[in-house]
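target22.json follows; it contains JSON, C-alpha atoms and all ligand atoms.
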```json
[["chain", "number", "residue", "atom", "x", "y", "z"],
["A", 654, "ILE", "CA", 0.00, 0.00, 0.00],
["A", 655, "LEU", "CA", 3.04, 2.28, 0.14],
["A", 656, "ASP", "CA", 2.30, 3.73, -3.30],
["A", 657, "GLN", "CA", -1.21, 4.89, -2.31],
["A", 658, "PRO", "CA", -1.34, 8.68, -2.82],
["A", 659, "ARG", "CA", -3.29, 9.21, 0.44],
["A", 660, "LEU", "CA", -0.64, 7.43, 2.51],
["A", 661, "HIS", "CA", 2.35, 9.22, 3.98],
["A", 662, "PHE", "CA", 4.73, 6.78, 5.68],
["A", 663, "LEU", "CA", 7.28, 7.91, 8.26],
["A", 664, "GLN", "CA", 9.36, 5.43, 10.21],
["A", 665, "GLY", "CA", 10.33, 6.53, 13.72],
["A", 666, "ASP", "CA", 10.32, 5.71, 17.40],
["A", 667, "ILE", "CA", 7.30, 6.83, 19.43],
["A", 668, "ALA", "CA", 9.67, 7.88, 22.22],
["A", 669, "ASP", "CA", 11.56, 10.20, 19.82],
["A", 670, "SER", "CA", 9.98, 13.61, 20.33],
["A", 671, "ALA", "CA", 11.21, 15.09, 17.02],
["A", 672, "ALA", "CA", 9.90, 12.12, 15.02],
["A", 673, "VAL", "CA", 6.49, 12.29, 16.74],
["A", 674, "ALA", "CA", 6.27, 16.06, 16.19],
["A", 675, "GLU", "CA", 6.91, 15.56, 12.48],
["A", 676, "ALA", "CA", 4.40, 12.71, 12.19],
["A", 677, "ILE", "CA", 1.60, 14.48, 14.04],
["A", 678, "ALA", "CA", 1.75, 17.80, 12.16],
["A", 679, "GLY", "CA", -1.58, 18.42, 10.43],
["A", 680, "CYS", "CA", -3.33, 15.33, 11.87],
["A", 681, "GLN", "CA", -6.97, 15.45, 12.95],
["A", 682, "ALA", "CA", -6.98, 12.04, 14.58],
["A", 683, "VAL", "CA", -4.24, 9.84, 15.99],
["A", 684, "VAL", "CA", -4.50, 6.10, 16.65],
["A", 685, "ASN", "CA", -1.71, 4.76, 18.82],
["A", 686, "PHE", "CA", -0.88, 1.15, 17.94],
["A", 687, "ALA", "CA", 2.78, 1.54, 18.89],
["A", 688, "ALA", "CA", 3.83, -0.82, 21.68],
["A", 689, "GLU", "CA", 6.05, -3.55, 22.91],
["A", 690, "THR", "CA", 3.47, -6.32, 23.03],
["A", 691, "HIS", "CA", 4.91, -9.69, 23.92],
["A", 692, "VAL", "CA", 4.40, -10.83, 27.52],
["A", 693, "ASP", "CA", 7.29, -13.31, 27.47],
["A", 694, "ARG", "CA", 9.68, -10.62, 26.27],
["A", 695, "SER", "CA", 8.44, -8.25, 29.01],
["A", 696, "LEU", "CA", 9.50, -10.84, 31.57],
["A", 697, "LEU", "CA", 13.01, -10.73, 30.12],
["A", 698, "GLU", "CA", 13.35, -7.05, 29.18],
["A", 699, "PRO", "CA", 10.82, -5.02, 31.22],
["A", 700, "ALA", "CA", 12.67, -1.71, 30.83],
["A", 701, "ALA", "CA", 12.02, -1.66, 27.08],
["A", 702, "PHE", "CA", 8.28, -1.83, 27.87],
["A", 703, "VAL", "CA", 8.45, 1.18, 30.16],
["A", 704, "GLN", "CA", 10.38, 3.09, 27.52],
["A", 705, "THR", "CA", 8.04, 2.45, 24.57],
["A", 706, "ASN", "CA", 4.67, 1.87, 26.22],
["A", 707, "VAL", "CA", 4.79, 4.43, 29.03],
["A", 708, "TRP", "CA", 7.32, 7.07, 28.00],
["A", 709, "GLY", "CA", 6.40, 6.78, 24.31],
["A", 710, "THR", "CA", 2.73, 7.35, 25.18],
["A", 711, "MET", "CA", 3.70, 10.42, 27.23],
["A", 712, "VAL", "CA", 5.62, 11.85, 24.25],
["A", 713, "LEU", "CA", 2.61, 11.26, 22.00],
["A", 714, "LEU", "CA", 0.17, 12.85, 24.47],
["A", 715, "GLU", "CA", 2.30, 15.97, 24.75],
["A", 716, "HIS", "CA", 2.52, 16.39, 20.99],
["A", 717, "ALA", "CA", -1.18, 15.63, 20.50],
["A", 718, "LEU", "CA", -2.01, 18.35, 22.99],
["A", 719, "ARG", "CA", 0.28, 20.89, 21.34],
["A", 720, "ALA", "CA", -0.96, 20.00, 17.86],
["A", 721, "GLY", "CA", -4.61, 20.29, 18.97],
["A", 722, "VAL", "CA", -5.67, 16.93, 17.53],
["A", 723, "GLN", "CA", -9.43, 16.32, 17.58],
["A", 724, "SER", "CA", -9.16, 12.72, 18.70],
["A", 725, "LEU", "CA", -6.48, 10.45, 20.13],
["A", 726, "LEU", "CA", -7.37, 6.76, 20.28],
["A", 727, "HIS", "CA", -5.01, 4.72, 22.43],
["A", 728, "VAL", "CA", -4.98, 0.97, 21.74],
["A", 729, "SER", "CA", -4.70, -0.81, 25.08],
["A", 730, "THR", "CA", -5.43, -4.41, 26.09],
["A", 731, "ASP", "CA", -7.77, -6.60, 28.14],
["A", 732, "GLU", "CA", -4.66, -7.60, 30.12],
["A", 733, "VAL", "CA", -4.94, -4.40, 32.18],
["A", 734, "TYR", "CA", -7.75, -6.07, 34.18],
["A", 735, "GLY", "CA", -5.50, -8.97, 35.18],
["A", 736, "GLU", "CA", -6.77, -12.53, 35.08],
["A", 737, "ILE", "CA", -10.55, -12.90, 35.19],
["A", 738, "LEU", "CA", -11.30, -16.36, 36.57],
["A", 739, "ILE", "CA", -15.09, -15.98, 36.50],
["A", 740, "GLY", "CA", -17.36, -13.65, 34.51],
["A", 741, "ARG", "CA", -16.25, -10.75, 32.32],
["A", 742, "ALA", "CA", -14.49, -7.46, 33.06],
["A", 743, "ARG", "CA", -16.39, -4.22, 32.47],
["A", 744, "GLU", "CA", -14.80, -0.89, 31.58],
["A", 745, "THR", "CA", -15.50, 0.49, 35.07],
["A", 746, "ASP", "CA", -13.68, -2.36, 36.83],
["A", 747, "PRO", "CA", -10.38, -1.60, 38.59],
["A", 748, "LEU", "CA", -7.16, -2.36, 36.72],
["A", 749, "HIS", "CA", -5.04, -5.14, 38.16],
["A", 750, "PRO", "CA", -2.16, -5.89, 35.72],
["A", 751, "ARG", "CA", 0.02, -8.86, 36.67],
["A", 752, "ASN", "CA", 3.00, -8.93, 34.30],
["A", 753, "PRO", "CA", 5.41, -6.17, 33.20],
["A", 754, "TYR", "CA", 3.74, -5.81, 29.79],
["A", 755, "ALA", "CA", 0.27, -5.42, 31.29],
["A", 756, "ALA", "CA", 1.63, -3.06, 33.96],
["A", 757, "SER", "CA", 3.16, -0.83, 31.28],
["A", 758, "LYS", "CA", -0.13, -0.75, 29.36],
["A", 759, "ALA", "CA", -2.10, 0.10, 32.51],
["A", 760, "ALA", "CA", 0.39, 2.86, 33.38],
["A", 761, "ALA", "CA", 0.05, 4.29, 29.87],
["A", 762, "GLU", "CA", -3.75, 4.29, 30.18],
["A", 763, "HIS", "CA", -3.56, 6.26, 33.42],
["A", 764, "PHE", "CA", -1.52, 8.94, 31.64],
["A", 765, "VAL", "CA", -3.97, 8.96, 28.71],
["A", 766, "PHE", "CA", -6.98, 9.51, 30.98],
["A", 767, "SER", "CA", -5.08, 12.12, 33.00],
["A", 768, "TYR", "CA", -4.73, 14.21, 29.81],
["A", 769, "TRP", "CA", -8.51, 14.08, 29.41],
["A", 770, "THR", "CA", -9.18, 15.07, 33.01],
["A", 771, "SER", "CA", -6.43, 17.67, 33.26],
["A", 772, "TYR", "CA", -6.29, 19.19, 29.78],
["A", 773, "ARG", "CA", -9.47, 17.97, 28.02],
["A", 774, "LEU", "CA", -7.42, 16.25, 25.30],
["A", 775, "PRO", "CA", -10.15, 14.18, 23.56],
["A", 776, "VAL", "CA", -8.90, 10.65, 24.21],
["A", 777, "LEU", "CA", -10.43, 7.22, 23.62],
["A", 778, "VAL", "CA", -9.09, 3.88, 24.87],
["A", 779, "THR", "CA", -9.76, 0.40, 23.50],
["A", 780, "ARG", "CA", -9.08, -2.76, 25.52],
["A", 781, "GLY", "CA", -8.90, -5.60, 23.02],
["A", 782, "CYS", "CA", -8.72, -9.32, 23.58],
["A", 783, "ASN", "CA", -6.24, -11.73, 21.93],
["A", 784, "THR", "CA", -5.96, -11.00, 18.24],
["A", 785, "TYR", "CA", -4.70, -13.22, 15.43],
["A", 786, "GLY", "CA", -4.40, -13.21, 11.64],
["A", 787, "PRO", "CA", -1.91, -12.46, 8.84],
["A", 788, "TYR", "CA", 1.23, -10.44, 9.57],
["A", 789, "GLN", "CA", 1.27, -11.26, 13.30],
["A", 790, "HIS", "CA", 4.79, -11.59, 14.67],
["A", 791, "PRO", "CA", 5.75, -15.28, 14.96],
["A", 792, "GLU", "CA", 6.55, -14.80, 18.67],
["A", 793, "LYS", "CA", 2.79, -14.95, 19.45],
["A", 794, "PHE", "CA", 1.11, -18.27, 20.19],
["A", 795, "ILE", "CA", -0.95, -18.89, 17.02],
["A", 796, "PRO", "CA", 1.71, -17.88, 14.46],
["A", 797, "LEU", "CA", 4.37, -19.58, 16.57],
["A", 798, "ALA", "CA", 2.37, -22.83, 16.56],
["A", 799, "ILE", "CA", 1.72, -22.62, 12.80],
["A", 800, "THR", "CA", 5.29, -21.75, 11.81],
["A", 801, "ASN", "CA", 6.69, -24.39, 14.16],
["A", 802, "LEU", "CA", 4.62, -27.10, 12.50],
["A", 803, "LEU", "CA", 5.56, -25.79, 9.05],
["A", 804, "THR", "CA", 9.24, -26.08, 9.97],
["A", 805, "GLY", "CA", 8.97, -29.49, 11.64],
["A", 806, "GLU", "CA", 9.13, -28.22, 15.24],
["A", 807, "PRO", "CA", 6.63, -29.10, 18.00],
["A", 808, "ILE", "CA", 4.08, -26.68, 19.50],
["A", 809, "PRO", "CA", 5.24, -25.71, 23.02],
["A", 810, "VAL", "CA", 2.15, -25.45, 25.25],
["A", 811, "TYR", "CA", 2.84, -23.72, 28.57],
["A", 812, "GLY", "CA", 1.85, -25.71, 31.66],
["A", 813, "ASP", "CA", -1.37, -27.73, 31.45],
["A", 814, "GLY", "CA", -2.64, -25.74, 28.43],
["A", 815, "PHE", "CA", -5.96, -24.94, 30.11],
["A", 816, "GLN", "CA", -5.35, -21.19, 30.20],
["A", 817, "GLU", "CA", -8.17, -19.55, 28.29],
["A", 818, "ARG", "CA", -8.05, -16.67, 25.80],
["A", 819, "ASP", "CA", -10.76, -14.96, 23.71],
["A", 820, "TRP", "CA", -9.68, -14.95, 20.04],
["A", 821, "LEU", "CA", -10.56, -12.07, 17.70],
["A", 822, "TYR", "CA", -9.70, -11.98, 14.00],
["A", 823, "VAL", "CA", -7.53, -8.99, 13.09],
["A", 824, "GLU", "CA", -10.01, -7.45, 10.62],
["A", 825, "ASP", "CA", -12.76, -7.52, 13.26],
["A", 826, "HIS", "CA", -10.39, -5.80, 15.68],
["A", 827, "CYS", "CA", -9.61, -3.11, 13.07],
["A", 828, "ARG", "CA", -13.33, -2.44, 12.50],
["A", 829, "ALA", "CA", -13.80, -2.16, 16.27],
["A", 830, "ILE", "CA", -11.08, 0.48, 16.52],
["A", 831, "TRP", "CA", -12.63, 2.40, 13.63],
["A", 832, "THR", "CA", -16.07, 2.23, 15.29],
["A", 833, "VAL", "CA", -14.68, 3.66, 18.54],
["A", 834, "LEU", "CA", -12.76, 6.37, 16.68],
["A", 835, "VAL", "CA", -15.87, 7.50, 14.81],
["A", 836, "HIS", "CA", -18.62, 6.90, 17.37],
["A", 837, "GLY", "CA", -16.87, 6.68, 20.77],
["A", 838, "LYS", "CA", -17.32, 9.25, 23.52],
["A", 839, "PRO", "CA", -14.16, 11.18, 24.53],
["A", 840, "GLY", "CA", -12.71, 10.21, 27.89],
["A", 841, "GLN", "CA", -14.12, 6.67, 27.67],
["A", 842, "ALA", "CA", -12.69, 3.15, 27.46],
["A", 843, "TYR", "CA", -14.23, 0.42, 25.28],
["A", 844, "ASN", "CA", -13.68, -3.32, 25.65],
["A", 845, "ILE", "CA", -13.27, -5.35, 22.46],
["A", 846, "GLY", "CA", -14.06, -9.06, 22.75],
["A", 847, "ALA", "CA", -15.01, -11.90, 20.44],
["A", 848, "SER", "CA", -16.79, -14.29, 22.86],
["A", 849, "GLN", "CA", -14.80, -17.11, 21.26],
["A", 850, "HIS", "CA", -12.92, -18.45, 24.27],
["A", 851, "ARG", "CA", -10.68, -21.46, 23.79],
["A", 852, "PRO", "CA", -8.17, -23.15, 26.09],
["A", 853, "ASN", "CA", -4.68, -23.04, 24.57],
["A", 854, "ILE", "CA", -4.58, -26.81, 24.22],
["A", 855, "ALA", "CA", -7.73, -26.68, 22.04],
["A", 856, "VAL", "CA", -6.17, -23.99, 19.83],
["A", 857, "ALA", "CA", -3.05, -26.16, 19.46],
["A", 858, "ARG", "CA", -5.20, -29.19, 18.53],
["A", 859, "SER", "CA", -7.15, -27.18, 15.93],
["A", 860, "ILE", "CA", -3.90, -26.03, 14.30],
["A", 861, "VAL", "CA", -2.54, -29.60, 14.28],
["A", 862, "HIS", "CA", -5.81, -30.79, 12.72],
["A", 863, "LEU", "CA", -5.96, -28.06, 10.04],
["A", 864, "LEU", "CA", -2.32, -28.68, 9.06],
["A", 865, "GLY", "CA", -2.77, -32.46, 9.09],
["A", 866, "ALA", "CA", 0.13, -32.78, 11.56],
["A", 867, "ASP", "CA", 0.89, -35.51, 14.07],
["A", 868, "PRO", "CA", -0.98, -34.96, 17.41],
["A", 869, "ALA", "CA", 2.29, -35.91, 19.14],
["A", 870, "SER", "CA", 3.73, -32.61, 17.92],
["A", 871, "ILE", "CA", 2.04, -30.86, 20.87],
["A", 872, "VAL", "CA", 4.44, -30.81, 23.84],
["A", 873, "HIS", "CA", 3.88, -29.38, 27.32],
["A", 874, "VAL", "CA", 6.71, -27.14, 28.52],
["A", 875, "SER", "CA", 7.26, -25.24, 31.77],
["A", 876, "ASP", "CA", 4.73, -22.53, 32.45],
["A", 877, "ARG", "CA", 5.12, -18.76, 31.94],
["A", 878, "PRO", "CA", 5.81, -17.13, 35.34],
["A", 879, "GLY", "CA", 2.67, -15.46, 36.71],
["A", 880, "HIS", "CA", 0.70, -16.83, 33.75],
["A", 881, "ASP", "CA", -2.81, -15.31, 33.70],
["A", 882, "ARG", "CA", -5.30, -18.16, 33.60],
["A", 883, "ARG", "CA", -8.12, -16.42, 31.76],
["A", 884, "TYR", "CA", -9.07, -13.09, 30.20],
["A", 885, "ALA", "CA", -12.66, -12.15, 29.45],
["A", 886, "VAL", "CA", -14.32, -8.82, 28.70],
["A", 887, "ASP", "CA", -17.90, -7.63, 28.50],
["A", 888, "TRP", "CA", -18.06, -5.77, 25.16],
["A", 889, "SER", "CA", -21.71, -4.65, 25.30],
["A", 890, "LYS", "CA", -20.65, -0.98, 25.46],
["A", 891, "LEU", "CA", -18.99, -1.35, 22.04],
["A", 892, "ALA", "CA", -21.89, -3.42, 20.69],
["A", 893, "ALA", "CA", -24.13, -0.44, 21.52],
["A", 894, "LEU", "CA", -22.07, 1.57, 18.98],
["A", 895, "GLY", "CA", -23.06, -0.94, 16.28],
["A", 896, "TRP", "CA", -20.05, -3.28, 16.22],
["A", 897, "ALA", "CA", -19.98, -7.07, 16.35],
["A", 898, "PRO", "CA", -17.27, -9.55, 15.35],
["A", 899, "ARG", "CA", -17.94, -11.33, 12.04],
["A", 900, "THR", "CA", -15.28, -14.04, 11.76],
["A", 901, "PRO", "CA", -15.85, -17.43, 13.44],
["A", 902, "PHE", "CA", -12.62, -18.65, 15.03],
["A", 903, "GLU", "CA", -12.25, -21.76, 12.88],
["A", 904, "ASP", "CA", -12.67, -19.70, 9.65],
["A", 905, "GLY", "CA", -10.17, -17.10, 10.78],
["A", 906, "LEU", "CA", -7.73, -19.79, 11.82],
["A", 907, "ALA", "CA", -7.96, -21.51, 8.42],
["A", 908, "ARG", "CA", -7.35, -18.16, 6.66],
["A", 909, "THR", "CA", -4.41, -17.46, 8.95],
["A", 910, "ILE", "CA", -2.83, -20.85, 8.29],
["A", 911, "ALA", "CA", -3.22, -20.36, 4.54],
["A", 912, "TRP", "CA", -1.48, -16.99, 4.82],
["A", 913, "TYR", "CA", 1.49, -18.34, 6.83],
["A", 914, "ARG", "CA", 1.81, -21.26, 4.41],
["A", 915, "SER", "CA", 2.16, -18.82, 1.52],
["A", 916, "ARG", "CA", 4.44, -16.26, 3.20],
["A", 917, "PRO", "CA", 7.59, -17.88, 4.66],
["A", 918, "ASP", "CA", 9.43, -14.96, 3.02],
["A", 919, "TRP", "CA", 7.71, -12.67, 5.57],
["A", 920, "TRP", "CA", 8.10, -14.74, 8.73],
["A", 921, "THR", "CA", 11.33, -16.77, 8.48],
["A", 922, "ALA", "CA", 13.82, -14.04, 9.38],
["A", 923, "ARG", "CA", 11.52, -12.56, 12.05],
["A", 924, "ARG", "CA", 11.06, -15.94, 13.66],
["A", 925, "ASP", "CA", 14.79, -16.70, 13.64],
["A", 926, "ALA", "CA", 15.61, -13.30, 15.16],
["A", 927, "ALA", "CA", 13.03, -13.64, 17.95],
["A", 928, "PHE", "CA", 14.21, -17.13, 18.74],
["A", 929, "ALA", "CA", 17.85, -16.07, 18.90],
["A", 930, "ALA", "CA", 17.05, -12.94, 20.94],
["A", 931, "TYR", "CA", 14.92, -14.27, 23.74],
["A", 932, "TYR", "CA", 12.67, -17.20, 23.01],
["A", 933, "ALA", "CA", 15.25, -19.75, 24.08],
["A", 934, "ARG", "CA", 16.34, -17.81, 27.18],
["A", 935, "ASN", "CA", 15.39, -18.51, 30.77],
["A", 936, "TYR", "CA", 13.17, -15.96, 32.56],
["A", 937, "ARG", "CA", 15.02, -16.30, 35.85],
["A", 938, "ASP", "CA", 18.43, -15.96, 34.28],
["A", 939, "ARG", "CA", 18.49, -12.52, 32.67],
["A", 940, "GLU", "CA", 21.75, -11.78, 30.92],
["A", 941, "THR", "CA", 21.66, -8.09, 31.84],
["A", 942, "PRO", "CA", 20.24, -6.52, 35.00],
["A", 943, "VAL", "CA", 17.37, -4.05, 34.65],
["A", 944, "THR", "CA", 18.79, -0.62, 33.89],
["A", 945, "GLN", "CA", 17.05, 2.66, 33.27],
["A", 946, "PRO", "CA", 16.47, 3.09, 29.53],
["B", 1, "LIG", "O1", -5.13, -10.28, 25.65],
["B", 1, "LIG", "C1", -4.55, -9.41, 24.73],
["B", 1, "LIG", "C2", -3.07, -9.67, 24.70],
["B", 1, "LIG", "O2", -2.87, -10.88, 24.00],
["B", 1, "LIG", "C3", -2.28, -8.55, 24.04],
["B", 1, "LIG", "O3", -2.43, -7.37, 24.79],
["B", 1, "LIG", "C4", -0.81, -8.92, 23.98],
["B", 1, "LIG", "O4", -0.08, -7.91, 23.31],
["B", 1, "LIG", "C5", -0.65, -10.24, 23.25],
["B", 1, "LIG", "O5", 0.70, -10.63, 23.26],
["B", 1, "LIG", "C6", -1.54, -11.31, 23.86],
["B", 1, "LIG", "O6", -1.02, -11.76, 25.13],
["B", 1, "LIG", "P1", -0.95, -13.32, 25.50],
["B", 1, "LIG", "O7", 0.14, -13.53, 26.47],
["B", 1, "LIG", "O8", -2.31, -13.84, 25.87],
["B", 1, "LIG", "O9", -0.57, -13.92, 24.03],
["B", 1, "LIG", "P2", 0.44, -15.05, 23.56],
["B", 1, "LIG", "O10", 0.20, -15.23, 22.10],
["B", 1, "LIG", "O11", 1.84, -14.77, 23.99],
["B", 1, "LIG", "O12", -0.05, -16.32, 24.35],
["B", 1, "LIG", "C7", -1.39, -16.81, 24.22],
["B", 1, "LIG", "C8", -1.55, -17.96, 25.20],
["B", 1, "LIG", "O13", -0.74, -19.05, 24.76],
["B", 1, "LIG", "C9", -1.08, -17.62, 26.61],
["B", 1, "LIG", "O14", -1.91, -18.28, 27.56],
["B", 1, "LIG", "C10", 0.34, -18.21, 26.66],
["B", 1, "LIG", "C11", 0.24, -19.40, 25.75],
["B", 1, "LIG", "N1", 1.48, -19.76, 25.04],
["B", 1, "LIG", "C12", 2.15, -18.77, 24.37],
["B", 1, "LIG", "C13", 3.33, -19.07, 23.68],
["B", 1, "LIG", "C14", 4.09, -17.97, 22.95],
["B", 1, "LIG", "C15", 1.93, -21.08, 25.02],
["B", 1, "LIG", "O15", 1.30, -21.98, 25.63],
["B", 1, "LIG", "N2", 3.08, -21.37, 24.34],
["B", 1, "LIG", "C16", 3.81, -20.42, 23.67],
["B", 1, "LIG", "O16", 4.88, -20.75, 23.09]]
```
Can the structure in the file be given as structure tokens, please?
Ligand code: DAU
Amino acid sequence: ILDQPRLHFLQGDIADSAAVAEAIAGCQAVVNFAAETHVDRSLLEPAAFVQTNVWGTMVLLEHALRAGVQSLLHVSTDEVYGEILIGRARETDPLHPRNPYAASKAAAEHFVFSYWTSYRLPVLVTRGCNTYGPYQHPEKFIPLAITNLLTGEPIPVYGDGFQERDWLYVEDHCRAIWTVLVHGKPGQAYNIGASQHRPNIAVARSIVHLLGADPASIVHVSDRPGHDRRYAVDWSKLAALGWAPRTPFEDGLARTIAWYRSRPDWWTARRDAAFAAYYARNYRDRETPVTQP
């Protein structure tokens, strides 16, 4: 899409004030997707999450205020509520993040809402559930499982595999963000859910089935420290704006598998780099101590 005349692409770091100032000039609306997103990596390198997710958000808020943008939508996560063992979290529930990634996202949200209360910057926040589809980094569970099977590796399932996630297809998530941007009320948060909960072990079995792989290629490995057992959000506030997910999980999964099958050119180097950088490392044995970024 880079040759589209209506697109202006700038590559920069959200924590780089000069780059953000340049990018924001003339914008009416800003949607902040920029983040460090992988929980396992946040357990190894938490400082990077503070730098990008908290400080980067601060830089963006300051420039949005100065530039007088009419709307700033901040993409957050359902992980800010912490694990929800029973029922579903509502937007008014207290935040209780339990890993460094989730803590950085909750901290960022507090800054976002403080700019609404203190300066009336028109902000919106979305708290989305687990998302999957084409172009997802192969560090995440579904693309990791698919690309592992495609390269003859097993699927590593953490612990007993009965942790539960709600799976939303990427295009449904994009439409949800658009709906909130256009119809949301400034100063408000909106949950985005799919109501398609699956235990991880069931997701792994579906991927094995769709790829025609050997069921023995699912292996249980040691659990993620502080692993949240279940996330679940009540998304009726967003439904009232006219949004609903359209993609059944099994359809979205089949489309996703087809995409990864056809695009090893996109994922091979990314997967190798992630594996070399941190995937094989031990959480309790950090190579470098935490230092201020
Ligand atoms: O809930 C929304 C969040 O979903 C987003 O805010 C995060 O940015 C995103 O990374 C995701 O967090 P999770 O930790 O839930 O996603 P992940 O794909 O890393 O893991 C999904 C589940 O699968 C989780 O219970 C851990 C498990 N898992 C993950 C990996 C990478 C495994 O069992 N084995 C694995 O190798």
Env of range 882-898 of chain A: 8 Å cut, atoms = all atoms listed in the file, seq-sep filter 6 positions within chain, self excluded. Answer as a ChimeraX atom specification.
/A:731-732,735-738,740-743,782,815-819,821,825-826,828-829,832-833,836-837,843-847
Write out as a VMD selection string each polymer residue (protein, DNA or RNA) that has an atom no more than 9 Å from ligand LIG 1 (chain B), with all atoms listed in the file counted.
chain A and resid 688 to 693 729 to 733 754 to 755 758 780 to 785 791 to 798 808 to 820 852 to 854 856 to 857 873 to 874 876 to 877 880 to 885 932
Calculated over only C-alpha atoms, which of the candidates A:Ile871, A:Leu714, A:Ile667, A:Ala907 has the smallest distance to Val765 in chain A?
A:Leu714
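Here the question is which of A:Thr710, A:Ser724, A:Asn752, A:Gln789 gets nearest to Phe764 in chain A using all atoms listed in the file, and that residue is A:Thr710.
Distances to Ser757 in chain A were evaluated for A:Phe902, A:Trp708, A:Tyr913, A:Phe686 using all atoms listed in the file, and the minimum falls at A:Trp708.
Across the structure, CA of Arg924 in chain A and CA of His790 in chain A are spaced 7.7 Å apart.
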Report, in Å to a single decimal, how far apart CA of Pro747 in chain A and CA of His763 in chain A are.
11.6 Å
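Our summary of the geometry notes that CA of Pro750 in chain A is positioned 24.9 Å from CA of Glu715 in chain A.
With distances restricted to all atoms listed in the file, A:Leu718 is the closest residue to Cys680 in chain A from A:Leu802, A:Cys827, A:Leu718, A:Leu655.
In terms of minimum interatomic distance to Ala761 in chain A, A:Val703 ranks closest within A:Ala842, A:Leu726, A:Ile830, A:Val703, counting all atoms listed in the file.
Shortest atom-to-atom contact with Pro787 in chain A among A:Met711, A:Ala911, A:Ile654, A:Ala929: A:Ala911, counting all atoms listed in the file.
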Quick one: 6 Å padding each side, axis-aligned, all listed atoms of range 895-900 of chain A - centre and edge lengths in Å to one decimal, as AutoDock Vina command-line options?
```
--center_x -19.2 --center_y -7.5 --center_z 14.1 --size_x 19.8 --size_y 25.1 --size_z 16.6
```
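Residues within 8 Å of range 681-684 of chain A, counting all atoms listed in the file and excluding same-chain residues fewer than 4 positions away, are A:Ile677, A:Ala717, A:Val722, A:Gln723, A:Ser724, A:Leu725, A:Leu726, A:His727, A:Val728.
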Generate N, CA, C and O atoms for range 714-724 of chain A and emit them as a PDB file, keeping the file's coordinate frame.
```pdb
ATOM      1  N   LEU A 714       1.200  12.018  23.844  1.00  0.00           N
ATOM      2  CA  LEU A 714       0.170  12.850  24.470  1.00  0.00           C
ATOM      3  C   LEU A 714       0.574  14.329  24.428  1.00  0.00           C
ATOM      4  O   LEU A 714      -0.238  15.204  24.092  1.00  0.00           O
ATOM      5  N   GLU A 715       1.817  14.600  24.765  1.00  0.00           N
ATOM      6  CA  GLU A 715       2.300  15.970  24.750  1.00  0.00           C
ATOM      7  C   GLU A 715       2.173  16.592  23.366  1.00  0.00           C
ATOM      8  O   GLU A 715       1.699  17.715  23.214  1.00  0.00           O
ATOM      9  N   HIS A 716       2.578  15.840  22.349  1.00  0.00           N
ATOM     10  CA  HIS A 716       2.520  16.390  20.990  1.00  0.00           C
ATOM     11  C   HIS A 716       1.074  16.494  20.498  1.00  0.00           C
ATOM     12  O   HIS A 716       0.732  17.439  19.781  1.00  0.00           O
ATOM     13  N   ALA A 717       0.234  15.556  20.908  1.00  0.00           N
ATOM     14  CA  ALA A 717      -1.180  15.630  20.500  1.00  0.00           C
ATOM     15  C   ALA A 717      -1.826  16.877  21.092  1.00  0.00           C
ATOM     16  O   ALA A 717      -2.621  17.553  20.435  1.00  0.00           O
ATOM     17  N   LEU A 718      -1.471  17.168  22.321  1.00  0.00           N
ATOM     18  CA  LEU A 718      -2.010  18.350  22.990  1.00  0.00           C
ATOM     19  C   LEU A 718      -1.564  19.621  22.272  1.00  0.00           C
ATOM     20  O   LEU A 718      -2.372  20.493  21.942  1.00  0.00           O
ATOM     21  N   ARG A 719      -0.272  19.690  22.010  1.00  0.00           N
ATOM     22  CA  ARG A 719       0.280  20.890  21.340  1.00  0.00           C
ATOM     23  C   ARG A 719      -0.290  21.056  19.943  1.00  0.00           C
ATOM     24  O   ARG A 719      -0.536  22.164  19.492  1.00  0.00           O
ATOM     25  N   ALA A 720      -0.478  19.920  19.246  1.00  0.00           N
ATOM     26  CA  ALA A 720      -0.960  20.000  17.860  1.00  0.00           C
ATOM     27  C   ALA A 720      -2.465  20.210  17.791  1.00  0.00           C
ATOM     28  O   ALA A 720      -3.020  20.436  16.719  1.00  0.00           O
ATOM     29  N   GLY A 721      -3.158  20.085  18.946  1.00  0.00           N
ATOM     30  CA  GLY A 721      -4.610  20.290  18.970  1.00  0.00           C
ATOM     31  C   GLY A 721      -5.384  19.235  18.196  1.00  0.00           C
ATOM     32  O   GLY A 721      -6.370  19.562  17.528  1.00  0.00           O
ATOM     33  N   VAL A 722      -4.952  17.965  18.276  1.00  0.00           N
ATOM     34  CA  VAL A 722      -5.670  16.930  17.530  1.00  0.00           C
ATOM     35  C   VAL A 722      -7.101  16.790  18.068  1.00  0.00           C
ATOM     36  O   VAL A 722      -7.356  17.010  19.261  1.00  0.00           O
ATOM     37  N   GLN A 723      -8.016  16.403  17.176  1.00  0.00           N
ATOM     38  CA  GLN A 723      -9.430  16.320  17.580  1.00  0.00           C
ATOM     39  C   GLN A 723      -9.765  14.996  18.245  1.00  0.00           C
ATOM     40  O   GLN A 723     -10.819  14.847  18.860  1.00  0.00           O
ATOM     41  N   SER A 724      -8.883  14.022  18.091  1.00  0.00           N
ATOM     42  CA  SER A 724      -9.160  12.720  18.700  1.00  0.00           C
ATOM     43  C   SER A 724      -7.870  11.911  18.800  1.00  0.00           C
ATOM     44  O   SER A 724      -7.109  11.838  17.840  1.00  0.00           O
TER      45      SER A 724
END
```
